>>> print(open('my_file_22.txt').read())   # compact mmCIF, N, CA and C atoms
# COMPACT_ATOMS: atom_id res chain seq x y z
N MET X 1 2.24 14.04 48.26
CA MET X 1 3.21 14.35 47.24
C MET X 1 2.51 15.13 46.13
N GLU X 2 3.10 16.23 45.73
CA GLU X 2 2.51 17.09 44.72
C GLU X 2 2.89 16.64 43.32
N LYS X 3 1.92 16.72 42.41
CA LYS X 3 2.19 16.38 41.02
C LYS X 3 2.92 17.55 40.36
N PRO X 4 3.82 17.27 39.41
CA PRO X 4 4.51 18.35 38.73
C PRO X 4 3.52 19.19 37.92
N ASP X 5 3.79 20.48 37.86
CA ASP X 5 2.94 21.40 37.10
C ASP X 5 3.35 21.37 35.64
N ASN X 6 2.49 20.83 34.80
CA ASN X 6 2.79 20.74 33.37
C ASN X 6 2.31 21.95 32.59
N THR X 7 1.82 22.97 33.29
CA THR X 7 1.30 24.14 32.60
C THR X 7 2.34 25.24 32.47
N ASP X 8 3.53 25.05 33.00
CA ASP X 8 4.60 26.04 32.94
C ASP X 8 5.06 26.21 31.50
N PRO X 9 4.90 27.41 30.91
CA PRO X 9 5.29 27.61 29.52
C PRO X 9 6.79 27.48 29.30
N ASP X 10 7.61 27.67 30.35
CA ASP X 10 9.05 27.55 30.21
C ASP X 10 9.53 26.12 30.40
N ARG X 11 8.63 25.26 30.83
CA ARG X 11 9.01 23.86 31.06
C ARG X 11 9.45 23.25 29.73
N GLY X 12 10.60 22.65 29.73
CA GLY X 12 11.11 22.04 28.52
C GLY X 12 11.83 23.02 27.62
N ALA X 13 11.95 24.26 28.02
CA ALA X 13 12.61 25.26 27.18
C ALA X 13 14.09 24.93 26.99
N ASP X 14 14.67 24.20 27.93
CA ASP X 14 16.07 23.84 27.82
C ASP X 14 16.30 22.62 26.95
N CYS X 15 15.24 21.99 26.53
CA CYS X 15 15.34 20.80 25.69
C CYS X 15 15.95 21.19 24.35
N GLU X 16 16.97 20.45 23.94
CA GLU X 16 17.67 20.77 22.69
C GLU X 16 17.02 20.11 21.49
N CYS X 17 16.04 19.28 21.72
CA CYS X 17 15.39 18.57 20.61
C CYS X 17 14.30 19.46 20.02
N SER X 18 14.51 19.90 18.79
CA SER X 18 13.55 20.79 18.16
C SER X 18 12.44 20.05 17.44
N THR X 19 12.47 18.72 17.47
CA THR X 19 11.47 17.96 16.74
C THR X 19 10.31 17.49 17.61
N VAL X 20 10.33 17.84 18.90
CA VAL X 20 9.26 17.41 19.78
C VAL X 20 7.99 18.13 19.39
N GLY X 21 6.95 17.36 19.03
CA GLY X 21 5.69 17.94 18.61
C GLY X 21 4.85 18.33 19.81
N ASN X 22 3.77 19.06 19.54
CA ASN X 22 2.88 19.41 20.63
C ASN X 22 2.05 18.19 21.02
N GLY X 23 1.32 18.31 22.11
CA GLY X 23 0.56 17.17 22.63
C GLY X 23 -0.46 16.65 21.64
N SER X 24 -1.11 17.54 20.91
CA SER X 24 -2.11 17.13 19.94
C SER X 24 -1.49 16.33 18.80
N GLU X 25 -0.35 16.79 18.31
CA GLU X 25 0.34 16.08 17.24
C GLU X 25 0.79 14.70 17.71
N THR X 26 1.28 14.63 18.93
CA THR X 26 1.72 13.36 19.49
C THR X 26 0.53 12.41 19.66
N ALA X 27 -0.60 12.94 20.11
CA ALA X 27 -1.80 12.11 20.27
C ALA X 27 -2.28 11.60 18.91
N ASP X 28 -2.21 12.44 17.88
CA ASP X 28 -2.60 12.02 16.53
C ASP X 28 -1.70 10.89 16.04
N THR X 29 -0.41 11.03 16.25
CA THR X 29 0.55 9.99 15.84
C THR X 29 0.27 8.69 16.59
N ALA X 30 0.01 8.80 17.89
CA ALA X 30 -0.30 7.60 18.68
C ALA X 30 -1.56 6.92 18.17
N LEU X 31 -2.57 7.70 17.80
CA LEU X 31 -3.80 7.12 17.26
C LEU X 31 -3.53 6.40 15.94
N GLN X 32 -2.70 6.99 15.09
CA GLN X 32 -2.36 6.35 13.82
C GLN X 32 -1.61 5.04 14.04
N LEU X 33 -0.65 5.05 14.96
CA LEU X 33 0.11 3.84 15.24
C LEU X 33 -0.78 2.76 15.85
N LYS X 34 -1.68 3.18 16.73
CA LYS X 34 -2.62 2.22 17.33
C LYS X 34 -3.51 1.62 16.25
N ALA X 35 -3.94 2.45 15.31
CA ALA X 35 -4.80 1.95 14.22
C ALA X 35 -4.07 0.91 13.39
N LEU X 36 -2.79 1.07 13.22
CA LEU X 36 -2.01 0.10 12.43
C LEU X 36 -1.61 -1.14 13.23
N ALA X 37 -1.80 -1.10 14.53
CA ALA X 37 -1.34 -2.18 15.40
C ALA X 37 -2.36 -3.30 15.55
N HIS X 38 -3.03 -3.62 14.47
CA HIS X 38 -4.00 -4.73 14.50
C HIS X 38 -3.90 -5.46 13.17
N PRO X 39 -3.79 -6.78 13.20
CA PRO X 39 -3.60 -7.53 11.96
C PRO X 39 -4.71 -7.32 10.92
N VAL X 40 -5.95 -7.23 11.35
CA VAL X 40 -7.04 -7.05 10.39
C VAL X 40 -6.95 -5.67 9.73
N ARG X 41 -6.63 -4.66 10.52
CA ARG X 41 -6.50 -3.31 9.93
C ARG X 41 -5.33 -3.25 8.96
N LEU X 42 -4.25 -3.95 9.27
CA LEU X 42 -3.13 -4.01 8.32
C LEU X 42 -3.55 -4.72 7.03
N GLN X 43 -4.36 -5.77 7.16
CA GLN X 43 -4.85 -6.47 5.97
C GLN X 43 -5.75 -5.54 5.14
N ILE X 44 -6.59 -4.76 5.82
CA ILE X 44 -7.45 -3.80 5.12
C ILE X 44 -6.60 -2.78 4.38
N MET X 45 -5.56 -2.29 5.02
CA MET X 45 -4.68 -1.31 4.38
C MET X 45 -4.03 -1.92 3.14
N GLU X 46 -3.61 -3.16 3.24
CA GLU X 46 -2.99 -3.84 2.09
C GLU X 46 -4.00 -4.00 0.95
N LEU X 47 -5.23 -4.37 1.27
CA LEU X 47 -6.26 -4.49 0.24
C LEU X 47 -6.52 -3.15 -0.44
N LEU X 48 -6.55 -2.08 0.34
CA LEU X 48 -6.77 -0.75 -0.23
C LEU X 48 -5.57 -0.30 -1.06
N ARG X 49 -4.39 -0.76 -0.69
CA ARG X 49 -3.19 -0.40 -1.45
C ARG X 49 -3.25 -1.02 -2.85
N CYS X 50 -3.81 -2.22 -2.93
CA CYS X 50 -3.86 -2.94 -4.20
C CYS X 50 -4.90 -2.38 -5.16
N LYS X 51 -5.89 -1.67 -4.63
CA LYS X 51 -6.93 -1.10 -5.48
C LYS X 51 -7.27 0.29 -4.96
N GLU X 52 -7.40 1.24 -5.83
CA GLU X 52 -7.61 2.64 -5.45
C GLU X 52 -8.80 2.83 -4.51
N HIS X 53 -9.97 2.32 -4.90
CA HIS X 53 -11.17 2.48 -4.07
C HIS X 53 -11.86 1.14 -3.91
N LYS X 54 -12.35 0.91 -2.71
CA LYS X 54 -13.09 -0.32 -2.44
C LYS X 54 -14.23 0.03 -1.49
N CYS X 55 -15.34 -0.65 -1.64
CA CYS X 55 -16.42 -0.50 -0.67
C CYS X 55 -16.23 -1.58 0.41
N CYS X 56 -16.98 -1.46 1.48
CA CYS X 56 -16.85 -2.40 2.59
C CYS X 56 -17.12 -3.83 2.13
N GLY X 57 -18.09 -4.00 1.24
CA GLY X 57 -18.41 -5.34 0.74
C GLY X 57 -17.25 -5.99 0.01
N ASP X 58 -16.50 -5.19 -0.76
CA ASP X 58 -15.31 -5.71 -1.46
C ASP X 58 -14.29 -6.22 -0.45
N ILE X 59 -14.10 -5.47 0.62
CA ILE X 59 -13.13 -5.84 1.65
C ILE X 59 -13.62 -7.10 2.39
N CYS X 60 -14.91 -7.13 2.70
CA CYS X 60 -15.48 -8.28 3.40
C CYS X 60 -15.32 -9.57 2.60
N SER X 61 -15.40 -9.46 1.27
CA SER X 61 -15.27 -10.67 0.45
C SER X 61 -13.85 -11.23 0.47
N CYS X 62 -12.89 -10.45 0.94
CA CYS X 62 -11.49 -10.89 0.98
C CYS X 62 -11.04 -11.33 2.38
N LEU X 63 -11.83 -11.04 3.38
CA LEU X 63 -11.44 -11.33 4.76
C LEU X 63 -12.52 -12.17 5.45
N PRO X 64 -12.14 -12.98 6.43
CA PRO X 64 -13.10 -13.86 7.09
C PRO X 64 -13.97 -13.19 8.15
N GLN X 65 -13.72 -11.92 8.47
CA GLN X 65 -14.47 -11.23 9.51
C GLN X 65 -15.86 -10.81 9.00
N ALA X 66 -16.77 -10.60 9.96
CA ALA X 66 -18.12 -10.14 9.64
C ALA X 66 -18.08 -8.70 9.13
N GLN X 67 -19.09 -8.34 8.38
CA GLN X 67 -19.18 -6.98 7.82
C GLN X 67 -19.14 -5.92 8.92
N SER X 68 -19.81 -6.19 10.03
CA SER X 68 -19.84 -5.21 11.13
C SER X 68 -18.44 -5.00 11.70
N THR X 69 -17.65 -6.06 11.78
CA THR X 69 -16.28 -5.97 12.29
C THR X 69 -15.41 -5.16 11.33
N ILE X 70 -15.53 -5.45 10.04
CA ILE X 70 -14.76 -4.70 9.03
C ILE X 70 -15.14 -3.23 9.08
N SER X 71 -16.43 -2.94 9.23
CA SER X 71 -16.89 -1.55 9.31
C SER X 71 -16.27 -0.82 10.50
N GLN X 72 -16.18 -1.50 11.63
CA GLN X 72 -15.57 -0.90 12.82
C GLN X 72 -14.09 -0.61 12.58
N HIS X 73 -13.41 -1.55 11.95
CA HIS X 73 -11.98 -1.33 11.65
C HIS X 73 -11.82 -0.17 10.66
N LEU X 74 -12.66 -0.11 9.65
CA LEU X 74 -12.59 0.99 8.68
C LEU X 74 -12.85 2.33 9.36
N ASP X 75 -13.80 2.35 10.28
CA ASP X 75 -14.11 3.59 11.01
C ASP X 75 -12.90 4.07 11.78
N LEU X 76 -12.21 3.16 12.47
CA LEU X 76 -11.03 3.56 13.23
C LEU X 76 -9.92 4.06 12.30
N LEU X 77 -9.72 3.39 11.17
CA LEU X 77 -8.70 3.83 10.21
C LEU X 77 -9.04 5.21 9.65
N CYS X 78 -10.31 5.47 9.44
CA CYS X 78 -10.74 6.79 8.96
C CYS X 78 -10.52 7.86 10.03
N ARG X 79 -10.90 7.56 11.28
CA ARG X 79 -10.70 8.51 12.37
C ARG X 79 -9.22 8.82 12.59
N ALA X 80 -8.37 7.85 12.32
CA ALA X 80 -6.93 8.06 12.46
C ALA X 80 -6.35 8.83 11.27
N GLY X 81 -7.15 9.02 10.23
CA GLY X 81 -6.69 9.78 9.07
C GLY X 81 -5.87 8.96 8.08
N LEU X 82 -5.86 7.66 8.24
CA LEU X 82 -5.07 6.81 7.35
C LEU X 82 -5.86 6.37 6.12
N VAL X 83 -7.17 6.42 6.22
CA VAL X 83 -8.07 6.00 5.14
C VAL X 83 -9.09 7.10 4.89
N ASN X 84 -9.38 7.34 3.63
CA ASN X 84 -10.41 8.29 3.23
C ASN X 84 -11.70 7.54 2.95
N CYS X 85 -12.82 8.16 3.26
CA CYS X 85 -14.13 7.59 2.99
C CYS X 85 -14.90 8.55 2.11
N GLN X 86 -15.34 8.06 0.96
CA GLN X 86 -16.08 8.87 0.00
C GLN X 86 -17.47 8.26 -0.18
N PRO X 87 -18.54 8.94 0.31
CA PRO X 87 -19.88 8.40 0.11
C PRO X 87 -20.22 8.32 -1.38
N ASP X 88 -20.90 7.24 -1.75
CA ASP X 88 -21.31 7.03 -3.13
C ASP X 88 -22.69 6.37 -3.11
N GLY X 89 -23.73 7.20 -3.02
CA GLY X 89 -25.08 6.67 -2.89
C GLY X 89 -25.25 5.97 -1.56
N THR X 90 -25.64 4.71 -1.60
CA THR X 90 -25.84 3.96 -0.36
C THR X 90 -24.55 3.29 0.12
N ARG X 91 -23.49 3.42 -0.65
CA ARG X 91 -22.20 2.82 -0.30
C ARG X 91 -21.21 3.90 0.10
N SER X 92 -20.11 3.45 0.63
CA SER X 92 -18.96 4.32 0.88
C SER X 92 -17.75 3.66 0.25
N ASN X 93 -16.98 4.44 -0.47
CA ASN X 93 -15.74 3.94 -1.06
C ASN X 93 -14.57 4.38 -0.19
N TYR X 94 -13.67 3.45 0.05
CA TYR X 94 -12.52 3.70 0.91
C TYR X 94 -11.25 3.68 0.09
N SER X 95 -10.33 4.57 0.43
CA SER X 95 -9.03 4.62 -0.22
C SER X 95 -7.99 5.05 0.82
N LEU X 96 -6.74 4.74 0.53
CA LEU X 96 -5.66 5.13 1.44
C LEU X 96 -5.43 6.63 1.38
N ASN X 97 -5.15 7.23 2.51
CA ASN X 97 -4.74 8.63 2.58
C ASN X 97 -3.21 8.61 2.53
N THR X 98 -2.68 8.59 1.32
CA THR X 98 -1.23 8.40 1.14
C THR X 98 -0.41 9.52 1.76
N ALA X 99 -0.92 10.73 1.76
CA ALA X 99 -0.18 11.84 2.36
C ALA X 99 -0.03 11.63 3.87
N SER X 100 -1.10 11.21 4.50
CA SER X 100 -1.05 10.96 5.94
C SER X 100 -0.14 9.79 6.28
N ILE X 101 -0.19 8.75 5.47
CA ILE X 101 0.67 7.58 5.68
C ILE X 101 2.14 7.96 5.51
N ALA X 102 2.43 8.76 4.50
CA ALA X 102 3.81 9.20 4.27
C ALA X 102 4.30 10.07 5.43
N GLY X 103 3.43 10.93 5.95
CA GLY X 103 3.80 11.75 7.10
C GLY X 103 4.10 10.91 8.32
N LEU X 104 3.29 9.89 8.54
CA LEU X 104 3.54 8.98 9.66
C LEU X 104 4.85 8.24 9.47
N ALA X 105 5.13 7.80 8.25
CA ALA X 105 6.39 7.10 7.97
C ALA X 105 7.58 8.01 8.28
N LEU X 106 7.48 9.28 7.94
CA LEU X 106 8.57 10.22 8.23
C LEU X 106 8.75 10.39 9.74
N LYS X 107 7.63 10.48 10.47
CA LYS X 107 7.73 10.64 11.93
C LYS X 107 8.40 9.42 12.56
N VAL X 108 8.01 8.23 12.12
CA VAL X 108 8.61 7.01 12.67
C VAL X 108 10.08 6.93 12.29
N ALA X 109 10.40 7.24 11.03
CA ALA X 109 11.80 7.20 10.59
C ALA X 109 12.65 8.20 11.36
N SER X 110 12.08 9.34 11.73
CA SER X 110 12.86 10.36 12.44
C SER X 110 13.23 9.91 13.85
N LEU X 111 12.57 8.88 14.37
CA LEU X 111 12.91 8.38 15.70
C LEU X 111 14.30 7.76 15.75
N SER X 112 14.85 7.42 14.59
CA SER X 112 16.19 6.84 14.57
C SER X 112 17.27 7.90 14.72
N GLY X 113 16.90 9.14 14.81
CA GLY X 113 17.87 10.22 15.00
C GLY X 113 18.06 11.04 13.76
N ASN X 114 18.38 10.39 12.68
CA ASN X 114 18.55 11.11 11.42
C ASN X 114 17.62 10.51 10.36
N GLY X 115 16.54 9.93 10.80
CA GLY X 115 15.62 9.22 9.93
C GLY X 115 14.95 10.06 8.88
N SER X 116 14.73 11.36 9.14
CA SER X 116 14.02 12.15 8.15
C SER X 116 14.82 12.27 6.87
N ASP X 117 16.16 12.34 6.98
CA ASP X 117 16.99 12.38 5.77
C ASP X 117 16.92 11.04 5.05
N LYS X 118 16.96 9.94 5.80
CA LYS X 118 16.87 8.62 5.18
C LYS X 118 15.52 8.42 4.52
N ALA X 119 14.47 8.88 5.18
CA ALA X 119 13.13 8.72 4.63
C ALA X 119 13.00 9.48 3.32
N LYS X 120 13.55 10.68 3.27
CA LYS X 120 13.49 11.45 2.02
C LYS X 120 14.26 10.75 0.91
N ASP X 121 15.41 10.15 1.28
CA ASP X 121 16.20 9.43 0.28
C ASP X 121 15.44 8.25 -0.30
N LYS X 122 14.55 7.65 0.50
CA LYS X 122 13.82 6.48 0.04
C LYS X 122 12.44 6.86 -0.49
N ASN X 123 12.22 8.15 -0.72
CA ASN X 123 10.97 8.66 -1.31
C ASN X 123 9.74 8.29 -0.50
N PHE X 124 9.81 8.40 0.82
CA PHE X 124 8.64 8.14 1.65
C PHE X 124 7.53 9.11 1.36
N GLU X 125 7.87 10.36 1.00
CA GLU X 125 6.81 11.32 0.79
C GLU X 125 6.00 11.05 -0.46
N SER X 126 6.47 10.19 -1.34
CA SER X 126 5.69 9.84 -2.53
C SER X 126 4.98 8.52 -2.37
N ALA X 127 5.06 7.90 -1.18
CA ALA X 127 4.44 6.59 -0.95
C ALA X 127 2.94 6.65 -1.05
>>> encode(input="my_file_22.txt", output="structure tokens")
Amino acid sequence: MEKPDNTDPDRGADCECSTVGNGSETADTALQLKALAHPVRLQIMELLRCKEHKCCGDICSCLPQAQSTISQHLDLLCRAGLVNCQPDGTRSNYSLNTASIAGLALKVASLSGNGSDKAKDKNFESA
């Protein structure tokens, strides 16, 4: 059985949905959602929301996980573009990437069909 050829440039041309992103954009969104799909990473995001910048030690003092575990979670959040990392001497300060988070919120809201209008009404872009 032959696999379908996904390299055809006309493939999907009849699709009426103009919001379908390219593969790279979809992979980026999936990485962001995967990064948020862990309780510890959600707790880290909440801690960062409460304070503009925090170092890993600040986060470790609020959570029961080891420093190495927190560092791994922070690394994944940074790679997903949800958290910014700013080196400061021997430390790194972490903060939320609010623009990226707002963009992800709009993408998720748009899955409801008319979500982008609802998201704008609720000021997601200023989150």
>>> closest_residue(input="my_file_22.txt", among="X:Cys56, X:Cys50, X:Met45, X:His38", to="Arg91 (chain X)", atoms="all atoms listed in the file")
X:Cys56
>>> residues_near_point(input="my_file_22.txt", point="(-2.3, 11.3, 11.5)", cutoff="8 Å", atoms="all atoms listed in the file", output="list in words")
Glu25, Ala27, Asp28, Thr29, Ala30, Leu31, Gln32, Leu33, Arg79, Ala80, Gly81, Leu82, Ala99, Ser100, Ile101, Gly103 and Leu104 of chain X
>>> select_by_dssp(input="my_file_22.txt", residues="region 6-100 of chain X", states="strand (DSSP E or B)", output="ChimeraX atom specification")
/X:54-55,83-88,91-96
>>> residues_around(input="my_file_22.txt", residues="Cys62 (chain X)", least_positions_apart="6", cutoff="10 Å", atoms="only C-alpha atoms", output="PyMOL selection string")
chain X and resi 43-44+47
>>> atom_distance(input="my_file_22.txt", atom1="CA of Gly89 (chain X)", atom2="CA of Thr69 (chain X)")
21.6 Å
>>> atom_distance(input="my_file_22.txt", atom1="atom N of Pro87 (chain X)", atom2="CA of Cys55 (chain X)")
9.7 Å
>>> atom_distance(input="my_file_22.txt", atom1="atom C of Leu106 (chain X)", atom2="CA of Asn93 (chain X)")
27.5 Å
>>> closest_residue(input="my_file_22.txt", among="X:Gly113, X:Leu36, X:Arg41, X:Lys107", to="Leu74 (chain X)", atoms="only N, CA and C atoms")
X:Arg41
